[in-house]
Amino acid sequence: MLKKWWKAAQIYMDKRMLSMIALGFSSGFPLLLVFGTLNLWLKDAGISYAAIGLFSLVKTPYSFKWAWSPIIDRIRLPLFCRLGRRRGWAFFIQIILLFSILGMSTVEPAATPFTMAFFAVLVTVASASQDIVLDAYRIESFNSKEQGAGVAVFVLGYRFGLVFSGAGAIWMASAMDWNDVYKIMALGTIVGMLAVLCSREPAKNEKKAEICYTGTFRKRVKKFLLTAVYDPFRDFTRRADWALILLFIFLYRMSDAYMGPMAYPFYDDMGFSKVEIAYVSKIYGMIATIAGGIAGGLIINRFGIMRSLLWFGILQGVTNLMFVAQSYAGHNIWLLTVSISLDNVSAGMGATALVAYLSSLCNVAYTATQYALLSSLMSFARDVFAATSGFLADRVSWDVFFFITALMVIPGLVLLIYLMRKYPRQIS
C-alpha cells in the first residue's frame with residue numbers, strides 16, 4: 001500500500017513542477033484583484049452590497065474566453081513567436097496585464113466606479129487570455145497519467161498567487177492606500193514573465209502540425225474558422241452525453257462560487273479586522289487550500305478522477321455549513337479559522353479534481369480551444385450567476401444565505417452519480 005502511494009507521489013519531484021508553480025502563480029494572482037480584494041476595497045469605499053455583487057460581472061470575460069481562444073491556439077504572434085507559440089502569447093499577455101493593473105491603481109472607485117469597472121474588465125480579459133495559454137501549456141506538458149499531479153502543483157502556485165493578491169494586499173491596505181497597494185500588485189506579473197523566459201515550449205506543441213493559411217484573404221479566414229473554431233467544437237460534441245458533461249461542469253462548484261462574492265463582506269459584518277481577515281482567510285485558509293490541492297492530486301492518482309469528484313463534492317457542501325455556525329458565533333476568531341480551513345481544504349480538493357477532469361476531456365490537437373470552452377463554463381457560475389448573491393444577502397440572514405449555498409452542491413452531485421453509473425469504465 002505504501003509503495004503505491006510513494007509511486008504516485010514521485011511525479012511531484014519532476015523538474016517541470018518548478019515551472020508549474022511559477023506559471024500557476026501568474027495565473028492565480030490577478031483573480032482577487034477583480035474579486036475578493038477588490039470587493040473589500042469597494043466596501044471600504046462605501047459601495048453597497050448589491051453593487052459589490054454586480055461588480056462580479058467585470059469577470060464575465062472568464063466565462064467567454066472560448067470566443068477568442070482559437071486565435072491564441074492557432075495564430076503565431078509576430079515577434080513574440082520567437083519564444084514559441086505558447087510562451088510568446090503568454091509573455092505578450094503578461095505585459096498587457098501589468099499595465100491594466102496599474103490602470104486600476106489610478107482610480108477612486110466611489111468617485112468613478114465605471115472607470116474602475118473598465119480597468120477591472122481589462123485585467124480580466126488579460127487574465128482570461130493568459131489562462132488560455134497557460135492551461136494549454138500545462139496540459140501539453142504532461143501525459144494523461146500525470147495530469148492530476150500537474151494540476152495539483154499548478155494549483156499550488158495558483159494559491160501562492162492568491163496569497164499575494166489576497167493576504168498580501170489586505171495587509172498592505174491596513175498600512176497604506178488601496179491605490180498604492182494595486183501598484184505593488186502589478187509587480188506580480190514579473191513572476192510570470194521570468195517563468196516564461198526560463199521554461200521550454202511543450203514537446204507536444206512543438207510537434208503539432210502547423211496550419212498553412214494560403215490563398216486569398218477570404219479563403220484564409222474560411223480555413224482558419226474551419227480548422228481552429230469548427231473542428232475543436234465538432235470534436236468535443238462527438239463525445240457521448242457531451243451536453244450533460246457541460247451542465248455538470250457548470251453545476252459542480254456552484255456552492256463555492258455563489259458564496260464567494262459575499263465572503264469578505266460577511267467577515268466584515270462579523271467584526272473581523274483587515275489583519276484578522278488576512279491572517280485567517282489568506283494564510284491559514286490558503287495553507288489549507290494548498291494541502292487540499294496536493295492531497296487531492298494524490299487521491300486522484302490513487303483512486304481516479306470520478307470517485308474523487310464525488311467525495312470532494314460532498315465535502316464542499318458539508319463545509320459550507322460551517323459558516324452557518326459562524327454567523328451565530330459572530331466575532332470568534334477560532335471558529336473562523338476552523339471554518340475557513342475546512343472549507344478551503346475541500347475547495348482545494350474539488351478544484352484539483354475538476355481541473356483534472358477538464359484536462360482529461362481535451363483532445364491534444366485542440367487543447368487551448370477545448371479547455372477554454374470547458375473552463376469558461378466553470379467560471380460562468382462564479383462570474384455571472386454569482387453576481388446575484390448580493391441581492392440574496394440583502395434579503396435573508398447570513399445563516400440562511402450559507403445554508404442555501406450548501407444545498408447548491410446537490411444538482412451537480414446528482415448529475416455526477418448519473419454519469420458514473422452510465423459510464424462505469426470512466427470511474428477507475
# chains A, B, ... in the order shown; residues from 1 in each chain; ligands from 1
call {"tool": "closest_atom_pairs", "arguments": {"of": "region 220-279 of chain A", "to": "region 67-80 of chain A", "cutoff": "10 Å", "atoms": "only C-alpha atoms", "output": "JSON lines"}}
result
{"residue": "A:Phe224", "atom": "CA", "partner": "A:Arg74", "partner_atom": "CA", "distance": 8.4}
{"residue": "A:Leu225", "atom": "CA", "partner": "A:Pro70", "partner_atom": "CA", "distance": 8.5}
{"residue": "A:Thr227", "atom": "CA", "partner": "A:Arg74", "partner_atom": "CA", "distance": 9.0}
{"residue": "A:Ala228", "atom": "CA", "partner": "A:Pro70", "partner_atom": "CA", "distance": 5.3}
{"residue": "A:Val229", "atom": "CA", "partner": "A:Pro70", "partner_atom": "CA", "distance": 5.8}
{"residue": "A:Tyr230", "atom": "CA", "partner": "A:Pro70", "partner_atom": "CA", "distance": 9.6}
{"residue": "A:Pro232", "atom": "CA", "partner": "A:Pro70", "partner_atom": "CA", "distance": 8.9}
call {"tool": "residues_around", "arguments": {"residues": "Phe118 (chain A)", "least_positions_apart": "5", "cutoff": "10 Å", "atoms": "only C-alpha atoms", "output": "ChimeraX atom specification"}}
result
/A:58,100,103-104,113,123-124
call {"tool": "atom_distance", "arguments": {"atom1": "CA of Arg421 (chain A)", "atom2": "CA of Leu309 (chain A)"}}
result
13.9 Å
call {"tool": "residues_around", "arguments": {"residues": "Trp178 (chain A)", "least_positions_apart": "3", "cutoff": "8 Å", "atoms": "only C-alpha atoms", "output": "ChimeraX atom specification"}}
result
/A:41,105,173,181-182
call {"tool": "closest_atom_pairs", "arguments": {"of": "region 213-300 of chain A", "to": "region 346-352 of chain A", "cutoff": "6 Å", "atoms": "only C-alpha atoms", "output": "JSON lines"}}
result
{"residue": "A:Thr289", "atom": "CA", "partner": "A:Gly348", "partner_atom": "CA", "distance": 4.6}
{"residue": "A:Gly292", "atom": "CA", "partner": "A:Gly348", "partner_atom": "CA", "distance": 4.6}
{"residue": "A:Gly293", "atom": "CA", "partner": "A:Gly348", "partner_atom": "CA", "distance": 4.4}
{"residue": "A:Gly296", "atom": "CA", "partner": "A:Met349", "partner_atom": "CA", "distance": 4.5}
call {"tool": "write_last_selection", "arguments": {"atoms": "N, CA, C and O atoms", "output": "short mmCIF file (atom, residue, chain, number, x, y, z; two decimals), in the first residue's frame"}}
result
data_model
loop_
_atom_site.label_atom_id
_atom_site.label_comp_id
_atom_site.auth_asym_id
_atom_site.auth_seq_id
_atom_site.Cartn_x
_atom_site.Cartn_y
_atom_site.Cartn_z
N THR A 289 -5.95 25.24 1.66
CA THR A 289 -6.27 25.02 0.25
C THR A 289 -5.14 24.30 -0.46
O THR A 289 -5.37 23.39 -1.26
N GLY A 292 -5.15 20.79 0.61
CA GLY A 292 -6.24 20.10 -0.06
C GLY A 292 -5.92 19.80 -1.51
O GLY A 292 -6.25 18.71 -2.02
N GLY A 293 -5.27 20.74 -2.19
CA GLY A 293 -4.91 20.52 -3.59
C GLY A 293 -3.90 19.40 -3.76
O GLY A 293 -4.05 18.54 -4.64
N GLY A 296 -5.53 16.22 -2.89
CA GLY A 296 -6.44 15.88 -3.98
C GLY A 296 -5.72 15.23 -5.14
O GLY A 296 -6.21 14.26 -5.73
#
call {"tool": "select_by_dssp", "arguments": {"residues": "region 140-271 of chain A", "states": "helix (DSSP H, G or I)", "output": "ChimeraX atom specification"}}
result
/A:140-141,144-173,178-198,203-207,217-237,242-252,254-269
call {"tool": "closest_residue", "arguments": {"among": "A:Ala90, A:Leu226, A:Val409, A:Ala329", "to": "Val196 (chain A)", "atoms": "only C-alpha atoms"}}
result
A:Ala90
call {"tool": "residues_around", "arguments": {"residues": "Phe380 (chain A)", "least_positions_apart": "2", "cutoff": "10 Å", "atoms": "only C-alpha atoms", "output": "MDAnalysis selection string"}}
result
chainID A and resid 57 59:64 249:251 254 257 375:378 382:386
call {"tool": "residues_around", "arguments": {"residues": "Gly192 (chain A)", "least_positions_apart": "6", "cutoff": "8 Å", "atoms": "only C-alpha atoms", "output": "ChimeraX atom specification"}}
result
/A:22-23,25-26,91,94
call {"tool": "closest_residue", "arguments": {"among": "A:His331, A:Arg395, A:Lys274, A:Lys65", "to": "Leu40 (chain A)", "atoms": "only C-alpha atoms"}}
result
A:Lys274
call {"tool": "residues_around", "arguments": {"residues": "Gly285 (chain A)", "least_positions_apart": "3", "cutoff": "6 Å", "atoms": "only C-alpha atoms", "output": "PDB file with C-alpha atoms, in the first residue's frame"}}
result
ATOM      1  CA  VAL A 280      -7.156  33.613   8.747  1.00  0.00           C
ATOM      2  CA  SER A 281      -8.626  33.632   5.259  1.00  0.00           C
ATOM      3  CA  LYS A 282      -5.420  34.209   3.330  1.00  0.00           C
ATOM      4  CA  ALA A 288      -5.467  24.524   3.944  1.00  0.00           C
ATOM      5  CA  ILE A 340     -12.222  28.655   6.595  1.00  0.00           C
ATOM      6  CA  SER A 341      -9.588  25.911   6.903  1.00  0.00           C
ATOM      7  CA  ASN A 344     -10.568  25.581   1.844  1.00  0.00           C
TER       8      ASN A 344
END
call {"tool": "residues_around", "arguments": {"residues": "Lys15 (chain A)", "least_positions_apart": "4", "cutoff": "12 Å", "atoms": "only C-alpha atoms", "output": "list in words"}}
result
Gln10, Ile11, Ser19, Met20, Ile21, Ser141, Phe142, Gly150, Val153, Ser199 and Arg200 of chain A
call {"tool": "write_last_selection", "arguments": {"atoms": "N, CA and C atoms", "output": "tab-separated table (two decimals), in the first residue's frame"}}
result
chain	number	residue	atom	x	y	z
A	10	GLN	N	5.92	10.33	-6.60
A	10	GLN	CA	7.20	10.62	-7.23
A	10	GLN	C	7.11	11.65	-8.35
A	11	ILE	N	5.95	11.77	-8.98
A	11	ILE	CA	5.78	12.73	-10.06
A	11	ILE	C	6.02	14.16	-9.57
A	19	SER	N	8.34	25.00	-13.02
A	19	SER	CA	7.67	25.91	-13.96
A	19	SER	C	6.19	26.01	-13.65
A	20	MET	N	5.58	24.87	-13.27
A	20	MET	CA	4.15	24.87	-12.98
A	20	MET	C	3.81	25.75	-11.79
A	21	ILE	N	4.68	25.76	-10.77
A	21	ILE	CA	4.42	26.61	-9.60
A	21	ILE	C	4.42	28.08	-9.99
A	141	SER	N	2.19	19.66	-21.34
A	141	SER	CA	3.46	19.33	-20.68
A	141	SER	C	3.44	17.98	-19.98
A	142	PHE	N	2.25	17.38	-19.82
A	142	PHE	CA	2.12	16.12	-19.09
A	142	PHE	C	1.28	15.12	-19.86
A	150	GLY	N	0.18	17.34	-12.17
A	150	GLY	CA	0.46	18.62	-12.81
A	150	GLY	C	-0.53	19.68	-12.40
A	153	VAL	N	0.18	20.82	-8.65
A	153	VAL	CA	1.30	21.75	-8.49
A	153	VAL	C	0.96	23.11	-9.10
A	199	SER	N	11.27	28.76	-19.14
A	199	SER	CA	10.61	27.50	-19.48
A	199	SER	C	10.86	27.13	-20.94
A	200	ARG	N	10.49	25.93	-21.28
A	200	ARG	CA	10.59	25.45	-22.66
A	200	ARG	C	9.20	25.27	-23.25
call {"tool": "decode", "arguments": {"residues": "region 356-378 of chain A", "atoms": "N, CA, C and O atoms", "output": "short mmCIF file (atom, residue, chain, number, x, y, z; two decimals), in the first residue's frame"}}
result
data_model
loop_
_atom_site.label_atom_id
_atom_site.label_comp_id
_atom_site.auth_asym_id
_atom_site.auth_seq_id
_atom_site.Cartn_x
_atom_site.Cartn_y
_atom_site.Cartn_z
N ALA A 356 -8.52 18.53 -13.30
CA ALA A 356 -8.01 17.29 -13.87
C ALA A 356 -9.04 16.66 -14.80
O ALA A 356 -8.70 16.12 -15.86
N TYR A 357 -10.30 16.73 -14.41
CA TYR A 357 -11.38 16.19 -15.25
C TYR A 357 -11.48 16.96 -16.57
O TYR A 357 -11.57 16.35 -17.64
N LEU A 358 -11.43 18.28 -16.50
CA LEU A 358 -11.49 19.07 -17.72
C LEU A 358 -10.30 18.76 -18.62
O LEU A 358 -10.44 18.64 -19.85
N SER A 359 -9.12 18.62 -18.03
CA SER A 359 -7.92 18.31 -18.81
C SER A 359 -8.05 16.98 -19.52
O SER A 359 -7.61 16.82 -20.66
N SER A 360 -8.66 16.01 -18.84
CA SER A 360 -8.81 14.67 -19.42
C SER A 360 -9.78 14.66 -20.60
O SER A 360 -9.74 13.75 -21.43
N LEU A 361 -10.65 15.67 -20.67
CA LEU A 361 -11.63 15.72 -21.75
C LEU A 361 -11.07 16.32 -23.04
O LEU A 361 -11.69 16.20 -24.10
N CYS A 362 -9.90 16.97 -22.96
CA CYS A 362 -9.37 17.72 -24.10
C CYS A 362 -8.60 16.83 -25.07
O CYS A 362 -7.80 16.00 -24.67
N ASN A 363 -8.85 17.06 -26.35
CA ASN A 363 -8.06 16.46 -27.42
C ASN A 363 -6.82 17.31 -27.60
O ASN A 363 -6.92 18.53 -27.78
N VAL A 364 -5.63 16.71 -27.57
CA VAL A 364 -4.39 17.48 -27.63
C VAL A 364 -4.28 18.29 -28.91
O VAL A 364 -3.54 19.28 -28.98
N ALA A 365 -5.03 17.92 -29.94
CA ALA A 365 -4.99 18.68 -31.20
C ALA A 365 -5.67 20.04 -31.06
O ALA A 365 -5.43 20.94 -31.86
N TYR A 366 -6.53 20.17 -30.05
CA TYR A 366 -7.27 21.43 -29.87
C TYR A 366 -7.24 21.85 -28.40
O TYR A 366 -8.23 22.33 -27.85
N THR A 367 -6.10 21.70 -27.76
CA THR A 367 -6.01 21.87 -26.31
C THR A 367 -6.57 23.20 -25.82
O THR A 367 -7.46 23.25 -24.96
N ALA A 368 -6.04 24.30 -26.35
CA ALA A 368 -6.41 25.62 -25.82
C ALA A 368 -7.88 25.92 -26.02
O ALA A 368 -8.56 26.42 -25.13
N THR A 369 -8.40 25.63 -27.22
CA THR A 369 -9.78 25.96 -27.53
C THR A 369 -10.76 25.14 -26.69
O THR A 369 -11.71 25.67 -26.11
N GLN A 370 -10.53 23.82 -26.61
CA GLN A 370 -11.45 22.98 -25.87
C GLN A 370 -11.38 23.26 -24.37
O GLN A 370 -12.41 23.33 -23.70
N TYR A 371 -10.19 23.44 -23.83
CA TYR A 371 -10.10 23.72 -22.40
C TYR A 371 -10.70 25.07 -22.07
O TYR A 371 -11.33 25.25 -21.02
N ALA A 372 -10.53 26.04 -22.96
CA ALA A 372 -11.13 27.36 -22.73
C ALA A 372 -12.65 27.26 -22.67
O ALA A 372 -13.30 27.91 -21.84
N LEU A 373 -13.23 26.44 -23.55
CA LEU A 373 -14.68 26.25 -23.54
C LEU A 373 -15.13 25.64 -22.22
O LEU A 373 -16.07 26.12 -21.57
N LEU A 374 -14.43 24.58 -21.78
CA LEU A 374 -14.84 23.87 -20.57
C LEU A 374 -14.63 24.72 -19.32
O LEU A 374 -15.50 24.79 -18.45
N SER A 375 -13.49 25.37 -19.23
CA SER A 375 -13.22 26.19 -18.04
C SER A 375 -14.09 27.44 -18.01
O SER A 375 -14.35 27.99 -16.93
N SER A 376 -14.55 27.89 -19.18
CA SER A 376 -15.44 29.05 -19.21
C SER A 376 -16.76 28.72 -18.53
O SER A 376 -17.34 29.55 -17.83
N LEU A 377 -17.24 27.50 -18.72
CA LEU A 377 -18.47 27.09 -18.05
C LEU A 377 -18.26 27.04 -16.54
O LEU A 377 -19.16 27.41 -15.77
N MET A 378 -17.08 26.60 -16.13
CA MET A 378 -16.78 26.54 -14.70
C MET A 378 -16.79 27.95 -14.10
O MET A 378 -17.31 28.16 -12.99
#
